[in-house]
$ cat my_file-v5.cif   # mmCIF, C-alpha atoms
data_structure
loop_
_atom_site.group_PDB
_atom_site.id
_atom_site.type_symbol
_atom_site.label_atom_id
_atom_site.label_comp_id
_atom_site.auth_asym_id
_atom_site.auth_seq_id
_atom_site.Cartn_x
_atom_site.Cartn_y
_atom_site.Cartn_z
ATOM 1 C CA MET F 20 18.293 -36.124 23.896
ATOM 2 C CA LYS F 21 17.152 -37.527 20.561
ATOM 3 C CA SER F 22 13.475 -36.834 21.368
ATOM 4 C CA MET F 23 14.305 -33.245 22.430
ATOM 5 C CA LEU F 24 16.096 -32.633 19.119
ATOM 6 C CA LEU F 25 13.174 -34.163 17.203
ATOM 7 C CA GLY F 26 10.712 -31.948 19.150
ATOM 8 C CA THR F 27 12.763 -28.820 18.423
ATOM 9 C CA LEU F 28 12.904 -29.647 14.715
ATOM 10 C CA LEU F 29 9.139 -30.261 14.628
ATOM 11 C CA ILE F 30 8.380 -26.929 16.346
ATOM 12 C CA SER F 31 10.761 -25.140 13.967
ATOM 13 C CA ALA F 32 9.038 -26.688 10.955
ATOM 14 C CA VAL F 33 5.570 -25.688 12.213
ATOM 15 C CA LEU F 34 6.660 -22.107 12.951
ATOM 16 C CA SER F 35 8.397 -21.836 9.598
ATOM 17 C CA ALA F 36 5.309 -23.078 7.741
ATOM 18 C CA HIS F 37 3.098 -20.612 9.633
ATOM 19 C CA ALA F 38 5.445 -17.701 8.862
ATOM 20 C CA GLU F 39 5.381 -18.527 5.143
ATOM 21 C CA LYS F 40 1.565 -18.524 5.107
ATOM 22 C CA SER F 41 1.323 -15.144 6.875
ATOM 23 C CA LEU F 42 3.674 -13.342 4.458
ATOM 24 C CA PRO F 43 2.128 -11.822 1.324
ATOM 25 C CA ARG F 44 2.933 -13.775 -1.812
ATOM 26 C CA THR F 45 3.182 -10.636 -3.964
ATOM 27 C CA VAL F 46 3.940 -7.026 -3.143
ATOM 28 C CA GLN F 47 1.229 -4.669 -4.347
ATOM 29 C CA PRO F 48 2.472 -1.589 -6.207
ATOM 30 C CA TYR F 49 2.060 1.747 -4.492
ATOM 31 C CA VAL F 50 -0.932 3.977 -5.173
ATOM 32 C CA ASP F 51 -0.049 7.387 -6.613
ATOM 33 C CA PHE F 52 -1.628 10.070 -4.414
ATOM 34 C CA SER F 53 -0.134 12.917 -6.496
ATOM 35 C CA GLY F 54 -2.353 15.901 -7.118
ATOM 36 C CA VAL F 55 -3.841 19.079 -5.700
ATOM 37 C CA TYR F 56 -6.282 18.769 -2.804
ATOM 38 C CA THR F 57 -8.745 21.274 -1.359
ATOM 39 C CA CYS F 58 -8.668 21.048 2.439
ATOM 40 C CA THR F 59 -10.577 22.124 5.511
ATOM 41 C CA GLY F 60 -8.998 21.817 8.917
ATOM 42 C CA ASP F 61 -9.523 22.412 12.592
ATOM 43 C CA ASP F 62 -6.437 23.453 14.544
ATOM 44 C CA ALA F 63 -6.502 23.323 18.367
ATOM 45 C CA HIS F 64 -4.872 26.786 18.636
ATOM 46 C CA GLU F 65 -5.901 28.555 15.425
ATOM 47 C CA GLY F 66 -9.391 27.125 14.852
ATOM 48 C CA LYS F 67 -10.954 26.332 11.504
ATOM 49 C CA TYR F 68 -9.002 26.966 8.307
ATOM 50 C CA THR F 69 -8.902 26.124 4.609
ATOM 51 C CA GLY F 70 -5.913 25.233 2.503
ATOM 52 C CA LYS F 71 -4.516 23.598 -0.590
ATOM 53 C CA VAL F 72 -2.248 20.548 -0.453
ATOM 54 C CA THR F 73 -0.035 19.563 -3.386
ATOM 55 C CA MET F 74 1.579 16.123 -3.364
ATOM 56 C CA GLN F 75 4.095 15.028 -6.000
ATOM 57 C CA LEU F 76 5.273 11.411 -6.256
ATOM 58 C CA LYS F 77 9.033 10.758 -6.108
ATOM 59 C CA PRO F 78 9.139 7.492 -8.143
ATOM 60 C CA GLU F 79 12.904 7.196 -7.735
ATOM 61 C CA HIS F 80 12.319 6.853 -3.969
ATOM 62 C CA SER F 81 9.254 4.586 -4.183
ATOM 63 C CA LYS F 82 9.233 0.799 -4.234
ATOM 64 C CA GLY F 83 6.667 -1.952 -3.873
ATOM 65 C CA SER F 84 3.801 -0.741 -1.681
ATOM 66 C CA TYR F 85 5.912 2.203 -0.412
ATOM 67 C CA ALA F 86 5.713 5.662 -2.013
ATOM 68 C CA SER F 87 7.559 8.923 -1.352
ATOM 69 C CA TYR F 88 6.253 12.436 -2.028
ATOM 70 C CA ASP F 89 7.094 16.103 -1.924
ATOM 71 C CA PHE F 90 4.382 17.818 0.136
ATOM 72 C CA LYS F 91 3.194 21.437 0.175
ATOM 73 C CA LEU F 92 0.339 22.977 2.167
ATOM 74 C CA GLU F 93 -0.729 26.551 1.396
ATOM 75 C CA VAL F 94 -2.971 28.217 3.992
ATOM 76 C CA PRO F 95 -4.318 31.732 3.277
ATOM 77 C CA ASP F 96 -3.217 34.301 5.886
ATOM 78 C CA TYR F 97 -0.746 31.802 7.444
ATOM 79 C CA GLY F 98 1.701 30.851 4.708
ATOM 80 C CA THR F 99 3.244 27.869 2.962
ATOM 81 C CA TYR F 100 4.253 24.654 4.693
ATOM 82 C CA LEU F 101 6.819 22.541 2.852
ATOM 83 C CA GLY F 102 7.580 18.932 3.619
ATOM 84 C CA HIS F 103 7.437 15.349 2.513
ATOM 85 C CA ALA F 104 5.289 12.250 2.885
ATOM 86 C CA ALA F 105 5.977 8.523 3.095
ATOM 87 C CA ALA F 106 3.108 6.165 2.256
ATOM 88 C CA ASN F 107 2.429 2.470 2.602
ATOM 89 C CA GLY F 108 -0.817 1.302 1.067
ATOM 90 C CA ASN F 109 -3.525 3.857 1.880
ATOM 91 C CA VAL F 110 -1.755 5.411 4.900
ATOM 92 C CA ALA F 111 0.821 8.200 4.748
ATOM 93 C CA ALA F 112 2.990 9.994 7.286
ATOM 94 C CA MET F 113 3.493 13.678 6.441
ATOM 95 C CA HIS F 114 6.088 16.087 7.774
ATOM 96 C CA PHE F 115 5.491 19.801 7.205
ATOM 97 C CA ALA F 116 7.058 23.099 8.286
ATOM 98 C CA LEU F 117 6.004 26.710 7.799
ATOM 99 C CA THR F 118 8.609 28.503 5.695
ATOM 100 C CA ASP F 119 8.829 31.178 8.449
ATOM 101 C CA GLN F 120 10.788 29.055 10.921
ATOM 102 C CA LEU F 121 10.645 31.604 13.764
ATOM 103 C CA THR F 122 7.119 30.444 14.668
ATOM 104 C CA LYS F 123 8.199 26.802 15.195
ATOM 105 C CA ASP F 124 5.060 25.896 13.243
ATOM 106 C CA TYR F 125 6.042 22.420 12.035
ATOM 107 C CA GLY F 126 4.847 18.927 12.679
ATOM 108 C CA THR F 127 4.012 15.424 11.564
ATOM 109 C CA GLY F 128 0.686 14.046 10.441
ATOM 110 C CA ILE F 129 -0.778 10.659 9.715
ATOM 111 C CA ALA F 130 -3.341 10.432 6.926
ATOM 112 C CA GLN F 131 -5.653 7.744 5.638
ATOM 113 C CA PHE F 132 -6.629 7.889 1.967
ATOM 114 C CA LYS F 133 -9.874 6.609 0.492
ATOM 115 C CA VAL F 134 -12.249 7.228 -2.398
ATOM 116 C CA ASN F 135 -15.459 9.058 -1.448
ATOM 117 C CA LYS F 136 -18.979 8.359 -2.779
ATOM 118 C CA GLN F 137 -18.365 10.822 -5.627
ATOM 119 C CA GLY F 138 -15.318 8.816 -6.767
ATOM 120 C CA GLN F 139 -12.799 11.443 -5.577
ATOM 121 C CA LEU F 140 -9.605 10.577 -3.728
ATOM 122 C CA THR F 141 -9.669 12.001 -0.182
ATOM 123 C CA PHE F 142 -7.568 11.900 2.948
ATOM 124 C CA HIS F 143 -8.238 12.496 6.634
ATOM 125 C CA LYS F 144 -5.192 13.624 8.618
ATOM 126 C CA PHE F 145 -4.350 14.010 12.301
ATOM 127 C CA TYR F 146 -1.267 16.114 13.010
ATOM 128 C CA PHE F 147 0.951 16.954 15.948
ATOM 129 C CA GLU F 148 3.163 20.038 16.287
ATOM 130 C CA PRO F 149 5.502 19.607 19.270
ATOM 131 C CA GLU F 150 6.702 23.221 19.585
ATOM 132 C CA PHE F 151 4.016 25.452 18.090
ATOM 133 C CA LYS F 152 2.561 27.516 20.958
ATOM 134 C CA GLY F 153 3.567 24.917 23.541
ATOM 135 C CA GLY F 154 2.312 21.955 21.497
ATOM 136 C CA ASN F 155 -0.587 21.606 19.119
ATOM 137 C CA THR F 156 -2.786 19.126 17.254
ATOM 138 C CA GLY F 157 -5.351 19.304 14.503
ATOM 139 C CA LEU F 158 -7.454 17.453 11.980
ATOM 140 C CA GLU F 159 -7.642 17.996 8.243
ATOM 141 C CA ASP F 160 -9.922 16.650 5.509
ATOM 142 C CA CYS F 161 -8.843 16.994 1.909
ATOM 143 C CA VAL F 162 -10.367 16.148 -1.502
ATOM 144 C CA ARG F 163 -8.312 15.831 -4.684
ATOM 145 C CA GLN F 164 -9.434 18.346 -7.344
#

$ encode --input "my_file-v5.cif" --output "structure tokens"
Amino acid sequence: MKSMLLGTLLISAVLSAHAEKSLPRTVQPYVDFSGVYTCTGDDAHEGKYTGKVTMQLKPEHSKGSYASYDFKLEVPDYGTYLGHAAANGNVAAMHFALTDQLTKDYGTGIAQFKVNKQGQLTFHKFYFEPEFKGGNTGLEDCVRQ
């Protein structure tokens, strides 16, 4: 019984030491992705399009490596999509919905941000719209102006 207790304590100590090493020692502050972006997209139902994304940081709802944003996408001849984004590091989830709700043109995207060779902040987004025309997906590439 004594050796079993000693073995359990030893395993617990090893696991605890490993867990401490794998946790980050400091939390990196969030990156501010606020700004106006020029976008080109390819929608499975609608085809190629252009648009303008505006993201505005909500610092009161951001902490550590996590950042919150208001999100707006304006697409000529389609309308304005309002929403929000939640980011961690260089990845953000984005929810958007066309202001004309009768079309059920709303969805969620996942975007990865990076700096291009010209030094401009960019993001590449995949999105899914569960109800638009029986379900829809698309890709979008945007460059901050």

$ residues_around --input "my_file-v5.cif" --residues "Asp124 (chain F)" --least-positions-apart "4" --cutoff "8 Å" --atoms "all atoms listed in the file" --output "VMD selection string"
chain F and resid 116 to 117 120 148 150 to 151

$ write_last_selection --input "my_file-v5.cif" --atoms "C-alpha atoms" --output "tab-separated table (two decimals), in the coordinates of the input"
chain	number	residue	atom	x	y	z
F	116	ALA	CA	7.06	23.10	8.29
F	117	LEU	CA	6.00	26.71	7.80
F	120	GLN	CA	10.79	29.06	10.92
F	148	GLU	CA	3.16	20.04	16.29
F	150	GLU	CA	6.70	23.22	19.58
F	151	PHE	CA	4.02	25.45	18.09

$ atom_distance --input "my_file-v5.cif" --atom1 "CA of Val94 (chain F)" --atom2 "CA of Glu79 (chain F)"
28.8 Å

$ closest_residue --input "my_file-v5.cif" --among "F:Phe132, F:Tyr56, F:Phe147, F:Tyr85" --to "Asn109 (chain F)" --atoms "all atoms listed in the file"
F:Phe132

$ residues_near_point --input "my_file-v5.cif" --point "(7.9, 18.4, 3.0)" --cutoff "9 Å" --atoms "all atoms listed in the file" --output "PyMOL selection string"
chain F and resi 88-92+100-104+113-116

$ resolve_selection --input "my_file-v5.cif" --expression "the PyMOL selection byres ((chain F and resi 78) around 12)" --output "number ranges by chain"
F: 48-53, 75-77, 79-89, 105

$ write_last_selection --input "my_file-v5.cif" --atoms "C-alpha atoms" --output "mmCIF file, keeping the file's coordinate frame"
data_model
loop_
_atom_site.group_PDB
_atom_site.id
_atom_site.type_symbol
_atom_site.label_atom_id
_atom_site.label_comp_id
_atom_site.auth_asym_id
_atom_site.auth_seq_id
_atom_site.Cartn_x
_atom_site.Cartn_y
_atom_site.Cartn_z
ATOM 1 C CA PRO F 48 2.472 -1.589 -6.207
ATOM 2 C CA TYR F 49 2.060 1.747 -4.492
ATOM 3 C CA VAL F 50 -0.932 3.977 -5.173
ATOM 4 C CA ASP F 51 -0.049 7.387 -6.613
ATOM 5 C CA PHE F 52 -1.628 10.070 -4.414
ATOM 6 C CA SER F 53 -0.134 12.917 -6.496
ATOM 7 C CA GLN F 75 4.095 15.028 -6.000
ATOM 8 C CA LEU F 76 5.273 11.411 -6.256
ATOM 9 C CA LYS F 77 9.033 10.758 -6.108
ATOM 10 C CA GLU F 79 12.904 7.196 -7.735
ATOM 11 C CA HIS F 80 12.319 6.853 -3.969
ATOM 12 C CA SER F 81 9.254 4.586 -4.183
ATOM 13 C CA LYS F 82 9.233 0.799 -4.234
ATOM 14 C CA GLY F 83 6.667 -1.952 -3.873
ATOM 15 C CA SER F 84 3.801 -0.741 -1.681
ATOM 16 C CA TYR F 85 5.912 2.203 -0.412
ATOM 17 C CA ALA F 86 5.713 5.662 -2.013
ATOM 18 C CA SER F 87 7.559 8.923 -1.352
ATOM 19 C CA TYR F 88 6.253 12.436 -2.028
ATOM 20 C CA ASP F 89 7.094 16.103 -1.924
ATOM 21 C CA ALA F 105 5.977 8.523 3.095
#

$ resolve_selection --input "my_file-v5.cif" --expression "the PyMOL selection byres ((chain F and resi 95) around 12)" --output "PyMOL selection string"
chain F and resi 58-59+67-72+92-94+96-100

$ atom_distance --input "my_file-v5.cif" --atom1 "CA of Gly153 (chain F)" --atom2 "CA of Glu65 (chain F)"
13.0 Å

$ closest_residue --input "my_file-v5.cif" --among "F:Asp61, F:Gly66, F:Asn155, F:Cys161" --to "Lys123 (chain F)" --atoms "all atoms listed in the file"
F:Asn155

$ axis_aligned_box --input "my_file-v5.cif" --around "region 56-67 of chain F" --padding-each-side "6 Å" --output "lines of an AutoDock Vina configuration file"
center_x = -7.9
center_y = 23.7
center_z = 7.9
size_x = 18.1
size_y = 21.8
size_z = 33.4

$ residues_around --input "my_file-v5.cif" --residues "Glu159 (chain F)" --least-positions-apart "2" --cutoff "6 Å" --atoms "all atoms listed in the file" --output "PyMOL selection string"
chain F and resi 59-60+143-144

$ write_last_selection --input "my_file-v5.cif" --atoms "C-alpha atoms" --output "CSV table (one decimal), keeping the file's coordinate frame"
chain,number,residue,atom,x,y,z
F,59,THR,CA,-10.6,22.1,5.5
F,60,GLY,CA,-9.0,21.8,8.9
F,143,HIS,CA,-8.2,12.5,6.6
F,144,LYS,CA,-5.2,13.6,8.6

$ atom_distance --input "my_file-v5.cif" --atom1 "CA of Asp62 (chain F)" --atom2 "CA of Arg163 (chain F)"
20.8 Å

$ residues_around --input "my_file-v5.cif" --residues "Lys133 (chain F)" --least-positions-apart "2" --cutoff "10 Å" --atoms "only C-alpha atoms" --output "list of chain:residue names"
F:Asn109, F:Val110, F:Ala130, F:Gln131, F:Asn135, F:Lys136, F:Gly138, F:Gln139, F:Leu140, F:Thr141, F:Phe142, F:His143, F:Val162

$ closest_residue --input "my_file-v5.cif" --among "F:Ala106, F:Ile129, F:Leu121, F:Ala111" --to "Lys152 (chain F)" --atoms "all atoms listed in the file"
F:Leu121

$ decode --input "my_file-v5.cif" --residues "region 68-82 of chain F" --atoms "N, CA and C atoms" --output "compact mmCIF listing (two decimals), in the first residue's frame"
# COMPACT_ATOMS: atom_id res chain seq x y z
N TYR F 68 -16.71 38.18 -56.25
CA TYR F 68 -17.23 39.47 -55.80
C TYR F 68 -16.11 40.29 -55.18
N THR F 69 -16.38 41.57 -54.98
CA THR F 69 -15.47 42.46 -54.26
C THR F 69 -16.25 43.07 -53.10
N GLY F 70 -15.53 43.55 -52.12
CA GLY F 70 -16.18 44.14 -50.97
C GLY F 70 -15.22 44.94 -50.13
N LYS F 71 -15.77 45.54 -49.08
CA LYS F 71 -14.99 46.32 -48.13
C LYS F 71 -15.37 45.86 -46.73
N VAL F 72 -14.37 45.43 -45.97
CA VAL F 72 -14.58 45.02 -44.58
C VAL F 72 -14.06 46.11 -43.66
N THR F 73 -14.85 46.45 -42.65
CA THR F 73 -14.42 47.36 -41.59
C THR F 73 -14.48 46.61 -40.27
N MET F 74 -13.34 46.60 -39.57
CA MET F 74 -13.28 45.97 -38.25
C MET F 74 -12.91 47.03 -37.23
N GLN F 75 -13.62 47.04 -36.09
CA GLN F 75 -13.36 48.02 -35.04
C GLN F 75 -13.19 47.29 -33.71
N LEU F 76 -12.02 47.41 -33.11
CA LEU F 76 -11.71 46.77 -31.84
C LEU F 76 -12.66 47.22 -30.75
N LYS F 77 -13.07 46.28 -29.90
CA LYS F 77 -13.87 46.56 -28.70
C LYS F 77 -12.96 46.29 -27.50
N PRO F 78 -12.11 47.27 -27.11
CA PRO F 78 -11.11 47.01 -26.05
C PRO F 78 -11.74 46.61 -24.72
N GLU F 79 -12.95 47.08 -24.46
CA GLU F 79 -13.61 46.72 -23.20
C GLU F 79 -14.00 45.24 -23.15
N HIS F 80 -13.97 44.57 -24.30
CA HIS F 80 -14.29 43.14 -24.37
C HIS F 80 -13.10 42.33 -24.88
N SER F 81 -11.90 42.87 -24.70
CA SER F 81 -10.67 42.21 -25.14
C SER F 81 -9.75 42.04 -23.95
N LYS F 82 -9.03 40.91 -23.92
CA LYS F 82 -8.18 40.64 -22.76
C LYS F 82 -7.09 39.64 -23.15
